[in-house]
file structure-v3.txt (compact mmCIF, C-alpha atoms)
# COMPACT_ATOMS: atom_id res chain seq x y z
CA MET A 1 64.33 -15.86 -109.85
CA PRO A 2 61.78 -16.71 -107.42
CA TYR A 3 58.35 -15.48 -108.21
CA THR A 4 57.77 -13.86 -104.87
CA GLN A 5 60.58 -11.54 -105.11
CA HIS A 6 58.99 -9.48 -107.88
CA LYS A 7 57.34 -6.56 -106.11
CA MET A 8 55.98 -3.42 -107.50
CA ALA A 9 56.76 -0.42 -105.41
CA LEU A 10 54.08 2.29 -105.34
CA PRO A 11 55.18 5.84 -105.46
CA PRO A 12 54.57 7.64 -102.18
CA THR A 13 52.44 10.34 -103.81
CA ILE A 14 49.73 7.93 -104.77
CA PRO A 15 47.04 7.72 -101.95
CA THR A 16 46.00 4.34 -100.95
CA SER A 17 42.37 3.20 -100.89
CA PHE A 18 42.64 1.54 -97.42
CA VAL A 19 39.94 2.56 -94.84
CA PRO A 20 40.60 1.28 -91.32
CA HIS A 21 37.63 -0.52 -89.66
CA PRO A 22 36.99 -0.44 -85.87
CA ALA A 23 38.22 -3.38 -83.95
CA ALA A 24 35.54 -6.02 -83.26
CA ALA A 25 36.59 -6.37 -79.58
CA ALA A 26 35.91 -2.71 -78.79
CA VAL A 27 32.39 -2.89 -80.13
CA ARG A 28 31.68 -6.00 -78.17
CA ARG A 29 32.94 -4.38 -74.93
CA ARG A 30 30.69 -1.35 -75.28
CA THR A 31 27.68 -3.56 -75.89
CA ASP A 32 28.48 -5.62 -72.80
CA LEU A 33 28.67 -2.51 -70.60
CA SER A 34 25.32 -1.25 -71.78
CA GLY A 35 23.81 -4.62 -71.09
CA ALA A 36 25.28 -4.80 -67.60
CA PHE A 37 24.01 -1.35 -66.77
CA ALA A 38 20.58 -2.24 -68.05
CA PHE A 39 20.66 -5.48 -66.04
CA PHE A 40 21.69 -3.57 -62.93
CA GLY A 41 19.04 -0.89 -63.38
CA TYR A 42 16.24 -3.31 -64.09
CA GLY A 43 17.46 -5.64 -61.37
CA VAL A 44 17.47 -2.90 -58.76
CA LEU A 45 14.04 -1.81 -59.84
CA GLY A 46 12.77 -5.34 -59.58
CA ILE A 47 14.23 -5.84 -56.16
CA VAL A 48 12.85 -2.55 -54.89
CA VAL A 49 9.43 -3.37 -56.26
CA LEU A 50 9.55 -6.72 -54.53
CA ILE A 51 10.61 -5.05 -51.28
CA ALA A 52 7.81 -2.52 -51.64
CA ILE A 53 5.28 -5.28 -52.12
CA GLY A 54 6.71 -7.17 -49.16
CA VAL A 55 6.60 -4.13 -46.92
CA PHE A 56 3.06 -3.39 -48.01
CA VAL A 57 1.97 -6.93 -47.24
CA TYR A 58 3.87 -6.90 -43.94
CA ALA A 59 2.26 -3.62 -42.97
CA SER A 60 -1.14 -5.04 -43.81
CA ILE A 61 -0.46 -8.11 -41.69
CA LEU A 62 0.73 -5.95 -38.82
CA SER A 63 -2.35 -3.76 -39.05
CA SER A 64 -4.57 -6.80 -38.97
CA ASP A 65 -2.64 -8.20 -36.03
CA LYS A 66 -2.91 -4.92 -34.19
CA GLU A 67 -6.61 -4.73 -34.81
CA SER A 68 -7.11 -8.21 -33.44
CA LYS A 69 -4.99 -7.44 -30.39
CA ASP A 70 -6.84 -4.18 -29.86
CA ALA A 71 -10.11 -6.04 -29.97
CA ALA A 72 -8.84 -8.64 -27.52
CA LEU A 73 -7.55 -5.92 -25.24
CA ASP A 74 -10.83 -4.04 -25.37
CA LYS A 75 -12.60 -7.24 -24.47
CA ALA A 76 -10.22 -7.88 -21.59
CA VAL A 77 -10.62 -4.33 -20.33
CA ALA A 78 -14.38 -4.61 -20.57
CA GLN A 79 -14.22 -7.68 -18.34
CA ILE A 80 -12.50 -5.71 -15.59
CA ASP A 81 -15.07 -4.56 -13.10
CA PRO A 82 -13.89 -1.46 -11.24
CA THR A 83 -16.27 -2.24 -8.42
CA THR A 84 -14.67 -5.62 -7.91
CA VAL A 85 -11.23 -4.08 -7.93
CA GLU A 86 -12.33 -1.45 -5.45
CA SER A 87 -13.84 -4.05 -3.18
CA PHE A 88 -10.60 -6.03 -3.18
CA VAL A 89 -8.54 -2.93 -2.44
CA HIS A 90 -10.96 -1.87 0.27
CA LEU A 91 -10.89 -5.29 1.89
CA ARG A 92 -7.12 -5.36 1.77
CA ASP A 93 -6.98 -1.91 3.34
CA ARG A 94 -9.40 -2.96 6.04
CA LEU A 95 -7.48 -6.13 6.81
CA SER A 96 -4.05 -4.54 6.91
CA ALA A 97 -5.17 -1.46 8.82
CA GLY A 98 -7.17 -3.58 11.25
CA GLU A 99 -4.23 -5.83 11.89
CA LYS A 100 -1.92 -2.88 12.54
CA MET A 101 -4.36 -1.19 14.88
CA LEU A 102 -5.19 -4.39 16.71
CA ASP A 103 -1.50 -4.92 17.36
CA ARG A 104 -1.41 -1.54 19.11
CA HIS A 105 -4.75 -1.81 20.82
CA PRO A 106 -4.15 -1.00 24.50
CA ALA A 107 -5.85 -3.00 27.21
CA PHE A 108 -5.63 -1.12 30.47
CA THR A 109 -7.55 -3.76 32.33
CA HIS A 110 -4.38 -5.84 32.30
CA PHE A 111 -2.59 -2.96 33.95
CA PHE A 112 -5.25 -2.58 36.62
CA ALA A 113 -5.23 -6.30 37.26
CA ALA A 114 -1.45 -6.33 37.55
CA ILE A 115 -0.99 -3.20 39.63
CA GLY A 116 -3.17 -4.62 42.36
CA GLY A 117 -0.76 -7.48 42.79
CA ILE A 118 2.40 -5.46 42.51
CA VAL A 119 1.85 -2.55 44.86
CA PRO A 120 1.65 -3.41 48.56
CA ALA A 121 -1.62 -2.96 50.38
CA THR A 122 -0.07 -0.25 52.47
CA VAL A 123 0.02 2.08 49.50
CA ARG A 124 -3.06 3.80 48.12
CA PHE A 125 -3.45 5.74 44.91
CA SER A 126 -5.55 8.88 45.15
CA SER A 127 -5.35 9.74 41.48
CA LEU A 128 -4.06 7.98 38.43
CA HIS A 129 -3.40 9.22 34.95
CA LEU A 130 -2.59 6.84 32.11
CA SER A 131 -1.81 8.10 28.66
CA VAL A 132 -0.75 6.55 25.39
CA GLU A 133 1.76 8.76 23.65
CA ASP A 134 2.06 9.14 19.93
CA SER A 135 5.18 7.03 20.03
CA GLY A 136 3.11 4.20 21.46
CA ALA A 137 4.68 4.42 24.92
CA VAL A 138 2.28 4.35 27.82
CA ARG A 139 2.95 6.76 30.65
CA ALA A 140 1.54 6.63 34.15
CA GLU A 141 1.31 9.52 36.57
CA VAL A 142 0.14 8.59 40.04
CA VAL A 143 -0.51 10.56 43.19
CA GLY A 144 -0.74 8.37 46.22
CA VAL A 145 -0.35 7.92 49.93
CA ALA A 146 1.69 5.32 51.77
CA LYS A 147 1.28 4.37 55.37
CA SER A 148 4.95 4.91 56.03
CA PHE A 149 8.32 5.33 54.43
CA ASN A 150 8.83 1.61 54.66
CA ALA A 151 5.63 1.04 52.78
CA LEU A 152 6.76 3.46 50.11
CA ALA A 153 10.13 1.73 49.91
CA ALA A 154 8.38 -1.61 49.61
CA ALA A 155 6.29 -0.25 46.79
CA SER A 156 9.35 1.07 45.00
CA ASP A 157 11.09 -2.25 45.46
CA ALA A 158 8.08 -4.15 44.18
CA LEU A 159 7.86 -2.04 41.08
CA SER A 160 11.51 -2.45 40.29
CA LYS A 161 11.35 -6.18 40.83
CA ASP A 162 8.33 -6.60 38.63
CA GLY A 163 10.03 -4.85 35.74
CA ARG A 164 6.88 -4.14 33.74
CA ILE A 165 6.49 -0.69 35.24
CA LYS A 166 9.69 0.96 34.17
CA ASP A 167 11.44 4.17 35.03
CA ALA A 168 9.37 4.51 38.20
CA ILE A 169 10.32 7.78 39.81
CA PHE A 170 8.86 8.73 43.15
CA SER A 171 8.83 12.44 43.76
CA GLY A 172 7.02 15.02 45.85
CA ILE A 173 7.40 12.86 48.93
CA LYS A 174 5.82 14.56 51.90
CA VAL A 175 5.11 13.35 55.37
CA SER A 176 1.73 14.24 56.72
CA GLY A 177 1.17 12.68 60.10
CA ASN A 178 1.90 9.00 59.81
CA ALA A 179 1.26 8.89 56.08
CA VAL A 180 3.63 9.70 53.27
CA SER A 181 2.23 11.28 50.14
CA PHE A 182 4.07 10.91 46.89
CA THR A 183 3.93 11.32 43.15
CA LEU A 184 4.95 8.50 40.89
CA SER A 185 5.77 8.76 37.23
CA ALA A 186 6.58 5.66 35.24
CA THR A 187 6.55 4.07 31.86
CA ILE A 188 4.42 1.00 31.40
CA ASP A 189 5.85 -1.88 29.47
CA PRO A 190 3.76 -2.45 26.34
CA SER A 191 3.30 -6.09 27.28
CA LEU A 192 1.37 -4.98 30.33
CA VAL A 193 -1.25 -3.21 28.24
CA ALA A 194 -1.14 -5.47 25.21
CA PHE A 195 -4.51 -6.63 24.04
CA THR A 196 -5.03 -10.36 23.85
CA PRO A 197 -7.65 -11.50 21.38
CA PRO A 198 -10.49 -13.30 23.11
CA ALA A 199 -10.18 -16.25 20.78
CA LEU A 200 -6.87 -17.18 22.30
CA PRO A 201 -7.09 -19.70 25.13
CA ALA A 202 -5.03 -17.50 27.42
CA ILE A 203 -7.78 -14.94 27.73
CA ALA A 204 -9.98 -15.08 30.77
CA PRO A 205 -13.70 -15.51 30.32
CA PRO A 206 -15.06 -12.05 29.57
CA VAL A 207 -17.87 -12.08 32.06
CA ALA A 208 -15.68 -13.38 34.86
CA SER A 209 -12.95 -10.88 34.17
CA THR A 210 -15.29 -7.95 34.13
CA THR A 211 -17.73 -8.71 36.88
CA ALA A 212 -15.82 -10.72 39.39
CA PRO A 213 -13.67 -8.85 41.85
CA VAL A 214 -10.31 -8.44 40.27
CA THR A 215 -8.39 -8.28 43.44
CA SER A 216 -8.91 -9.01 47.03
CA ALA A 217 -10.19 -6.48 49.41
CA ALA A 218 -6.66 -5.60 50.31
CA SER A 219 -5.56 -5.22 46.74
CA THR A 220 -8.52 -3.14 45.77
CA THR A 221 -7.75 -0.92 48.67
CA LYS A 222 -4.16 -0.62 47.68
CA SER A 223 -4.39 -0.44 43.94
CA LYS A 224 -7.49 1.39 43.15
CA PRO A 225 -7.37 5.13 43.37
CA MET B 1 20.76 5.75 -76.72
CA THR B 2 17.49 4.14 -75.55
CA SER B 3 19.36 1.20 -74.20
CA ARG B 4 21.10 3.57 -71.75
CA ILE B 5 18.15 5.82 -70.81
CA LEU B 6 15.70 3.10 -69.84
CA PRO B 7 17.99 1.38 -67.32
CA LEU B 8 18.86 4.75 -65.87
CA PHE B 9 15.18 5.57 -65.59
CA ALA B 10 14.58 2.21 -63.95
CA LEU B 11 17.33 2.90 -61.46
CA LEU B 12 15.94 6.31 -60.65
CA LEU B 13 12.48 4.83 -60.32
CA ALA B 14 13.81 2.20 -57.93
CA ILE B 15 15.47 4.87 -55.83
CA GLY B 16 12.27 6.86 -55.84
CA ILE B 17 10.16 3.91 -54.79
CA PHE B 18 12.56 3.01 -52.00
CA PHE B 19 12.87 6.44 -50.50
CA GLY B 20 9.40 7.58 -51.37
CA TYR B 21 7.41 4.55 -50.31
CA VAL B 22 9.36 1.72 -48.72
CA SER B 23 11.43 3.68 -46.27
CA PRO B 24 8.63 5.95 -44.97
CA LEU B 25 6.30 3.00 -44.67
CA TRP B 26 8.86 0.91 -42.82
CA ASN B 27 10.01 3.63 -40.48
CA GLY B 28 6.59 5.12 -40.01
CA LYS B 29 3.52 2.98 -40.03
CA VAL B 30 5.24 -0.37 -39.69
CA ALA B 31 7.42 0.77 -36.80
CA SER B 32 4.55 2.40 -34.95
CA THR B 33 2.33 -0.59 -35.52
CA LYS B 34 5.01 -2.92 -34.24
CA ALA B 35 5.45 -0.77 -31.14
CA ALA B 36 1.71 -0.72 -30.60
CA ILE B 37 1.57 -4.48 -30.97
CA VAL B 38 4.30 -4.86 -28.37
CA GLU B 39 2.33 -2.66 -26.00
CA ASP B 40 -0.86 -4.52 -26.72
CA THR B 41 0.88 -7.82 -26.10
CA ALA B 42 2.17 -6.57 -22.76
CA ALA B 43 -1.26 -5.22 -21.87
CA LEU B 44 -2.89 -8.50 -22.80
CA ALA B 45 -0.38 -10.37 -20.67
CA ALA B 46 -1.18 -8.02 -17.80
CA ALA B 47 -4.88 -8.54 -18.39
CA THR B 48 -4.35 -12.28 -18.27
CA ARG B 49 -2.43 -11.96 -15.03
CA TYR B 50 -5.13 -9.69 -13.68
CA THR B 51 -7.83 -12.18 -14.53
CA ALA B 52 -5.92 -14.97 -12.85
CA ARG B 53 -5.28 -12.80 -9.81
CA GLN B 54 -8.89 -11.69 -9.67
CA ASN B 55 -10.07 -15.28 -9.75
CA GLN B 56 -7.60 -16.18 -7.04
CA LEU B 57 -8.68 -13.28 -4.85
CA ALA B 58 -12.32 -14.03 -5.45
CA SER B 59 -11.84 -17.61 -4.35
CA GLU B 60 -9.85 -16.51 -1.31
CA LYS B 61 -12.49 -13.96 -0.41
CA ALA B 62 -15.20 -16.56 -0.83
CA ALA B 63 -13.30 -18.77 1.58
CA ILE B 64 -13.56 -16.14 4.30
CA ASP B 65 -16.47 -16.62 6.63
CA PRO B 66 -19.09 -13.97 5.77
CA ALA B 67 -19.72 -13.47 9.45
CA ALA B 68 -16.04 -12.68 9.92
CA LEU B 69 -16.21 -10.16 7.10
CA ALA B 70 -19.25 -8.59 8.70
CA ARG B 71 -17.41 -8.37 12.00
CA LEU B 72 -14.46 -6.84 10.21
CA GLU B 73 -16.70 -4.16 8.76
CA ILE B 74 -18.01 -3.42 12.22
CA PHE B 75 -14.46 -3.43 13.56
CA LEU B 76 -13.33 -0.80 11.06
CA PRO B 77 -16.40 0.76 9.46
CA ASP B 78 -16.59 2.93 6.38
CA SER B 79 -18.10 5.88 8.20
CA VAL B 80 -17.56 7.67 11.48
CA ASP B 81 -21.03 7.20 12.91
CA ASN B 82 -19.94 8.64 16.21
CA VAL B 83 -23.53 9.28 17.25
CA GLY B 84 -24.38 5.60 17.11
CA LEU B 85 -21.14 4.85 18.86
CA ILE B 86 -21.92 7.30 21.65
CA LEU B 87 -25.23 5.56 22.14
CA ASP B 88 -23.42 2.23 22.40
CA ILE B 89 -20.90 3.67 24.84
CA ASN B 90 -23.69 5.10 26.91
CA ALA B 91 -25.40 1.74 26.98
CA LEU B 92 -22.16 0.03 27.92
CA ALA B 93 -21.59 2.53 30.71
CA ALA B 94 -25.09 1.92 32.02
CA ARG B 95 -24.56 -1.84 31.97
CA SER B 96 -21.22 -1.41 33.72
CA GLY B 97 -22.57 0.82 36.43
CA LEU B 98 -20.83 3.98 35.30
CA ALA B 99 -22.74 7.22 35.10
CA LEU B 100 -21.62 9.20 32.08
CA SER B 101 -21.69 12.93 32.64
CA SER B 102 -20.39 14.12 29.28
CA ILE B 103 -19.18 12.91 25.92
CA ASP B 104 -17.55 15.18 23.38
CA VAL B 105 -15.39 15.08 20.29
CA ALA B 106 -11.94 16.25 21.22
CA HIS B 107 -9.92 15.74 18.11
CA SER B 108 -10.46 14.58 14.61
CA ASN B 109 -8.28 14.09 11.61
CA ALA B 110 -11.30 13.49 9.43
CA SER B 111 -10.18 16.11 6.96
CA GLY B 112 -6.78 14.50 7.08
CA SER B 113 -3.52 15.45 5.55
CA GLY B 114 -3.90 12.90 2.85
CA ALA B 115 -1.08 10.89 4.28
CA GLY B 116 -3.44 8.67 6.16
CA THR B 117 -1.54 8.91 9.37
CA ALA B 118 -3.41 8.18 12.50
CA PRO B 119 -1.72 10.07 15.29
CA GLY B 120 -0.82 8.02 18.24
CA MET B 121 -0.27 4.82 16.40
CA SER B 122 3.39 4.64 17.32
CA GLY B 123 4.03 7.40 14.89
CA ALA B 124 3.47 4.98 12.06
CA PRO B 125 1.10 5.68 9.25
CA VAL B 126 -1.94 3.55 9.23
CA THR B 127 -2.16 3.94 5.51
CA PRO B 128 -2.64 0.40 4.47
CA GLY B 129 -0.54 -0.69 1.64
CA MET B 130 -0.14 0.53 -1.84
CA ALA B 131 -0.54 3.82 -3.56
CA SER B 132 -3.90 2.87 -4.91
CA SER B 133 -5.25 2.95 -1.41
CA GLY B 134 -4.11 6.47 -0.68
CA ALA B 135 -7.71 7.62 -0.62
CA SER B 136 -8.61 4.83 1.82
CA ALA B 137 -6.58 6.00 4.74
CA VAL B 138 -7.87 5.52 8.22
CA GLY B 139 -9.62 8.43 9.84
CA THR B 140 -9.63 8.95 13.58
CA VAL B 141 -11.72 10.84 16.09
CA ASP B 142 -10.98 11.28 19.76
CA LEU B 143 -13.95 11.22 22.08
CA THR B 144 -13.62 12.54 25.59
CA LEU B 145 -15.97 11.34 28.22
CA ALA B 146 -16.39 11.91 31.91
CA ALA B 147 -18.03 9.46 34.23
CA ASP B 148 -18.54 8.54 37.84
CA GLY B 149 -18.65 5.09 39.30
CA THR B 150 -16.97 2.45 41.32
CA TYR B 151 -13.64 0.92 40.54
CA SER B 152 -15.28 -2.33 39.63
CA ALA B 153 -17.62 -0.49 37.27
CA LEU B 154 -14.62 1.12 35.64
CA GLN B 155 -12.98 -2.24 35.09
CA THR B 156 -16.15 -3.63 33.60
CA PHE B 157 -16.50 -0.61 31.36
CA LEU B 158 -12.86 -0.75 30.28
CA ASP B 159 -13.15 -4.42 29.49
CA GLY B 160 -16.17 -3.71 27.35
CA ILE B 161 -14.35 -0.91 25.57
CA GLU B 162 -11.30 -3.05 24.92
CA ARG B 163 -13.33 -5.93 23.55
CA SER B 164 -15.75 -3.75 21.62
CA ALA B 165 -16.74 -5.03 18.21
CA ARG B 166 -15.76 -1.63 16.88
CA LEU B 167 -12.18 -0.77 17.64
CA LEU B 168 -11.94 1.71 20.51
CA ASP B 169 -8.58 2.69 21.88
CA VAL B 170 -8.31 4.24 25.30
CA ARG B 171 -5.74 6.94 24.73
CA ASP B 172 -5.96 8.71 28.03
CA LEU B 173 -7.46 7.81 31.37
CA THR B 174 -7.58 9.82 34.53
CA VAL B 175 -8.98 8.43 37.75
CA LYS B 176 -9.56 10.63 40.75
CA GLY B 177 -10.32 9.07 44.05
CA SER B 178 -12.84 9.84 46.68
CA ASN B 179 -13.67 8.62 50.11
CA ASN B 180 -17.04 7.14 49.30
CA GLY B 181 -15.82 4.54 46.79
CA VAL B 182 -17.21 6.39 43.80
CA TYR B 183 -14.51 7.76 41.56
CA THR B 184 -14.39 10.34 38.85
CA TYR B 185 -13.10 9.22 35.51
CA GLN B 186 -12.02 11.17 32.49
CA MET B 187 -11.27 9.20 29.42
CA THR B 188 -10.22 9.81 25.84
CA LEU B 189 -11.28 7.18 23.36
CA ARG B 190 -10.05 7.04 19.82
CA ILE B 191 -12.28 5.64 17.14
CA TYR B 192 -11.30 4.72 13.62
CA TRP B 193 -12.95 4.35 10.28
CA LEU B 194 -11.84 3.53 6.81
CA ARG B 195 -12.11 6.44 4.44
call {"tool": "encode", "arguments": {"input": "structure-v3.txt", "output": "structure tokens"}}
result
Amino acid sequence: MPYTQHKMALPPTIPTSFVPHPAAAAVRRRTDLSGAFAFFGYGVLGIVVLIAIGVFVYASILSSDKESKDAALDKAVAQIDPTTVESFVHLRDRLSAGEKMLDRHPAFTHFFAAIGGIVPATVRFSSLHLSVEDSGAVRAEVVGVAKSFNALAAASDALSKDGRIKDAIFSGIKVSGNAVSFTLSATIDPSLVAFTPPALPAIAPPVASTTAPVTSAASTTKSKP
Amino acid sequence: MTSRILPLFALLLAIGIFFGYVSPLWNGKVASTKAAIVEDTAALAAATRYTARQNQLASEKAAIDPAALARLEIFLPDSVDNVGLILDINALAARSGLALSSIDVAHSNASGSGAGTAPGMSGAPVTPGMASSGASAVGTVDLTLAADGTYSALQTFLDGIERSARLLDVRDLTVKGSNNGVYTYQMTLRIYWLR
């Protein structure tokens, strides 16, 4: 008989002395989890501490940068002289306002010089009213006397041909003896009263234009009031 | 047991540091400082531009003839000084051969509406330029004067008025004739000054 086939069967009432031990793999797994958790916790703490240090350093650098920029800005502001700024603004205002006003500066002498050549000598103005309206338009209101109807018609024709005295309306025409009295209302073209700076070559010499007779004897008779 | 508590404590400490220190510092002081630095940088750039502009303007102003600047100040003065102007007008009238009978102030916008509008200037404001110059609007005063003289004297006087060193605008002129060659004139002159 083979040796291995001799077995002794234990009766089932006899308790065995076997104590089961935990499996080695389960113990190792629990240890690994604890270690991973510890690694995670300490790792997070380390990273957060590093971030905190970085933010602190960054904030310090920013504060220093801001202080330096504040100092530079204070220095730049201190270099700004309000008086200088005001003088520049004032000069600019003066230049721009002066230019605008000079563009609208009326020169009625041009009108008087021109009217003497436009209106025939047979027409005489007894009163003249020139006004600059707020819109910039120049209005003329004239009361005058013409030697005849033909003279008045010639004056009307001359004004319309010239074109610089616009909307000329003759009214209040009355015959008194040989003369014809009338009222004239018109708008003067801005070019006729535009001021020409003396520096321009087109301007007449000031003394000559103011002292010399502007028109001939006939024209002064006809154009002046 | 300790091997579990310490990592948990470390994790809680990390969370505490992050939300108790890092986050408030980043969102508070750091953010505000960064914003302030951006503003400072923009202000410094503006200051640099200002300095360059100031130097440019100073050189351009220096290039203007001082005599021209003086004439410009006479042309549009800083004050009304209508008394001195009346004296000048009176002198001009005397030189021209006109006899002034009266001079008066007819209208003034010296108190102004703040808009800087000079009436009669084609309805356009004379306010020169930008908002900073709102207080530097142009003031106006209308002077009325009456005079007698010849037609030639009137032309001489008008020419002097038109070419006056100080800007004088004839706003209204009435001429009434006579038979002796001496006419009656009524005139409204507008004078300006820079407020």
call {"tool": "residues_around", "arguments": {"input": "structure-v3.txt", "residues": "Ala186 of chain A", "least_positions_apart": "2", "cutoff": "7 Å", "atoms": "all atoms listed in the file", "output": "number ranges by chain"}}
result
A: 139-141, 165-169, 184, 188
call {"tool": "atom_distance", "arguments": {"input": "structure-v3.txt", "atom1": "atom CA of Val132 of chain A", "atom2": "atom CA of Asp88 of chain B"}}
result
23.3 Å
call {"tool": "atom_distance", "arguments": {"input": "structure-v3.txt", "atom1": "atom CA of Val44 of chain A", "atom2": "atom CA of Ala14 of chain B"}}
result
6.3 Å
call {"tool": "residues_around", "arguments": {"input": "structure-v3.txt", "residues": "Leu44 of chain B", "least_positions_apart": "3", "cutoff": "8 Å", "atoms": "all atoms listed in the file", "output": "PyMOL selection string"}}
result
(chain A and resi 69+72-73+76) or (chain B and resi 40-41+47-48)
call {"tool": "residues_around", "arguments": {"input": "structure-v3.txt", "residues": "Thr144 of chain B", "least_positions_apart": "3", "cutoff": "10 Å", "atoms": "only C-alpha atoms", "output": "list in words"}}
result
Ser102, Ile103, Asp104, Val105, Ala106, His107, Val141, Val170, Arg171, Asp172, Leu173, Gln186, Met187, Thr188, Leu189 and Arg190 of chain B
call {"tool": "closest_residue", "arguments": {"input": "structure-v3.txt", "among": "B:Leu167, B:Ala153, B:Ile161, B:Val22", "to": "Phe75 of chain B", "atoms": "only C-alpha atoms"}}
result
B:Leu167
call {"tool": "closest_residue", "arguments": {"input": "structure-v3.txt", "among": "A:Thr187, A:Asn178, A:Thr196, A:Ser160", "to": "chain B", "atoms": "all atoms listed in the file"}}
result
A:Thr196
call {"tool": "closest_residue", "arguments": {"input": "structure-v3.txt", "among": "B:Gly149, B:Thr140, B:Gly181, B:Leu194", "to": "Asp78 of chain B", "atoms": "only C-alpha atoms"}}
result
B:Leu194
call {"tool": "atom_distance", "arguments": {"input": "structure-v3.txt", "atom1": "atom CA of Tyr42 of chain A", "atom2": "atom CA of Phe19 of chain B"}}
result
17.1 Å
call {"tool": "closest_residue", "arguments": {"input": "structure-v3.txt", "among": "B:Asn179, B:Ser32, B:Gln155, B:Thr184", "to": "chain A", "atoms": "all atoms listed in the file"}}
result
B:Gln155
call {"tool": "residues_around", "arguments": {"input": "structure-v3.txt", "residues": "Leu45 of chain A", "least_positions_apart": "2", "cutoff": "6 Å", "atoms": "all atoms listed in the file", "output": "PyMOL selection string"}}
result
(chain A and resi 42-43+47-48) or (chain B and resi 10-11+14)
call {"tool": "residues_around", "arguments": {"input": "structure-v3.txt", "residues": "Ser178 of chain B", "least_positions_apart": "2", "cutoff": "12 Å", "atoms": "only C-alpha atoms", "output": "MDAnalysis selection string"}}
result
(chainID A and resid 124:127 224:225) or (chainID B and resid 148:151 175:176 180:185)
call {"tool": "decode", "arguments": {"input": "structure-v3.txt", "residues": "segment 67-83 of chain A", "atoms": "N, CA and C atoms", "output": "PDB file, in the first residue's frame"}}
result
ATOM      1  N   GLU A  67       5.095 102.477  -5.119  1.00  0.00           N
ATOM      2  CA  GLU A  67       5.720 103.615  -4.426  1.00  0.00           C
ATOM      3  C   GLU A  67       6.643 104.384  -5.358  1.00  0.00           C
ATOM      4  N   SER A  68       7.410 103.628  -6.148  1.00  0.00           N
ATOM      5  CA  SER A  68       8.311 104.314  -7.074  1.00  0.00           C
ATOM      6  C   SER A  68       7.532 105.087  -8.125  1.00  0.00           C
ATOM      7  N   LYS A  69       6.437 104.479  -8.611  1.00  0.00           N
ATOM      8  CA  LYS A  69       5.636 105.194  -9.619  1.00  0.00           C
ATOM      9  C   LYS A  69       4.940 106.396  -9.003  1.00  0.00           C
ATOM     10  N   ASP A  70       4.494 106.250  -7.769  1.00  0.00           N
ATOM     11  CA  ASP A  70       3.881 107.399  -7.093  1.00  0.00           C
ATOM     12  C   ASP A  70       4.876 108.540  -6.954  1.00  0.00           C
ATOM     13  N   ALA A  71       6.092 108.178  -6.604  1.00  0.00           N
ATOM     14  CA  ALA A  71       7.124 109.209  -6.452  1.00  0.00           C
ATOM     15  C   ALA A  71       7.413 109.882  -7.785  1.00  0.00           C
ATOM     16  N   ALA A  72       7.494 109.056  -8.837  1.00  0.00           N
ATOM     17  CA  ALA A  72       7.749 109.637 -10.163  1.00  0.00           C
ATOM     18  C   ALA A  72       6.593 110.520 -10.596  1.00  0.00           C
ATOM     19  N   LEU A  73       5.384 110.080 -10.276  1.00  0.00           N
ATOM     20  CA  LEU A  73       4.212 110.869 -10.657  1.00  0.00           C
ATOM     21  C   LEU A  73       4.168 112.185  -9.875  1.00  0.00           C
ATOM     22  N   ASP A  74       4.478 112.102  -8.588  1.00  0.00           N
ATOM     23  CA  ASP A  74       4.508 113.334  -7.796  1.00  0.00           C
ATOM     24  C   ASP A  74       5.537 114.312  -8.354  1.00  0.00           C
ATOM     25  N   LYS A  75       6.651 113.760  -8.771  1.00  0.00           N
ATOM     26  CA  LYS A  75       7.695 114.615  -9.340  1.00  0.00           C
ATOM     27  C   LYS A  75       7.215 115.249 -10.655  1.00  0.00           C
ATOM     28  N   ALA A  76       6.546 114.418 -11.462  1.00  0.00           N
ATOM     29  CA  ALA A  76       6.052 114.949 -12.735  1.00  0.00           C
ATOM     30  C   ALA A  76       4.983 116.010 -12.506  1.00  0.00           C
ATOM     31  N   VAL A  77       4.120 115.761 -11.541  1.00  0.00           N
ATOM     32  CA  VAL A  77       3.068 116.742 -11.244  1.00  0.00           C
ATOM     33  C   VAL A  77       3.679 118.032 -10.710  1.00  0.00           C
ATOM     34  N   ALA A  78       4.723 117.872  -9.896  1.00  0.00           N
ATOM     35  CA  ALA A  78       5.363 119.065  -9.341  1.00  0.00           C
ATOM     36  C   ALA A  78       6.007 119.917 -10.428  1.00  0.00           C
ATOM     37  N   GLN A  79       6.374 119.265 -11.531  1.00  0.00           N
ATOM     38  CA  GLN A  79       7.016 120.012 -12.619  1.00  0.00           C
ATOM     39  C   GLN A  79       6.012 120.778 -13.467  1.00  0.00           C
ATOM     40  N   ILE A  80       4.727 120.449 -13.303  1.00  0.00           N
ATOM     41  CA  ILE A  80       3.704 121.158 -14.073  1.00  0.00           C
ATOM     42  C   ILE A  80       3.428 122.503 -13.412  1.00  0.00           C
ATOM     43  N   ASP A  81       3.617 123.536 -14.176  1.00  0.00           N
ATOM     44  CA  ASP A  81       3.394 124.881 -13.649  1.00  0.00           C
ATOM     45  C   ASP A  81       2.016 125.365 -14.107  1.00  0.00           C
ATOM     46  N   PRO A  82       1.087 125.517 -13.189  1.00  0.00           N
ATOM     47  CA  PRO A  82      -0.260 125.957 -13.603  1.00  0.00           C
ATOM     48  C   PRO A  82      -0.244 127.304 -14.320  1.00  0.00           C
ATOM     49  N   THR A  83       0.676 128.145 -13.945  1.00  0.00           N
ATOM     50  CA  THR A  83       0.748 129.448 -14.612  1.00  0.00           C
ATOM     51  C   THR A  83       1.107 129.287 -16.085  1.00  0.00           C
TER      52      THR A  83
END
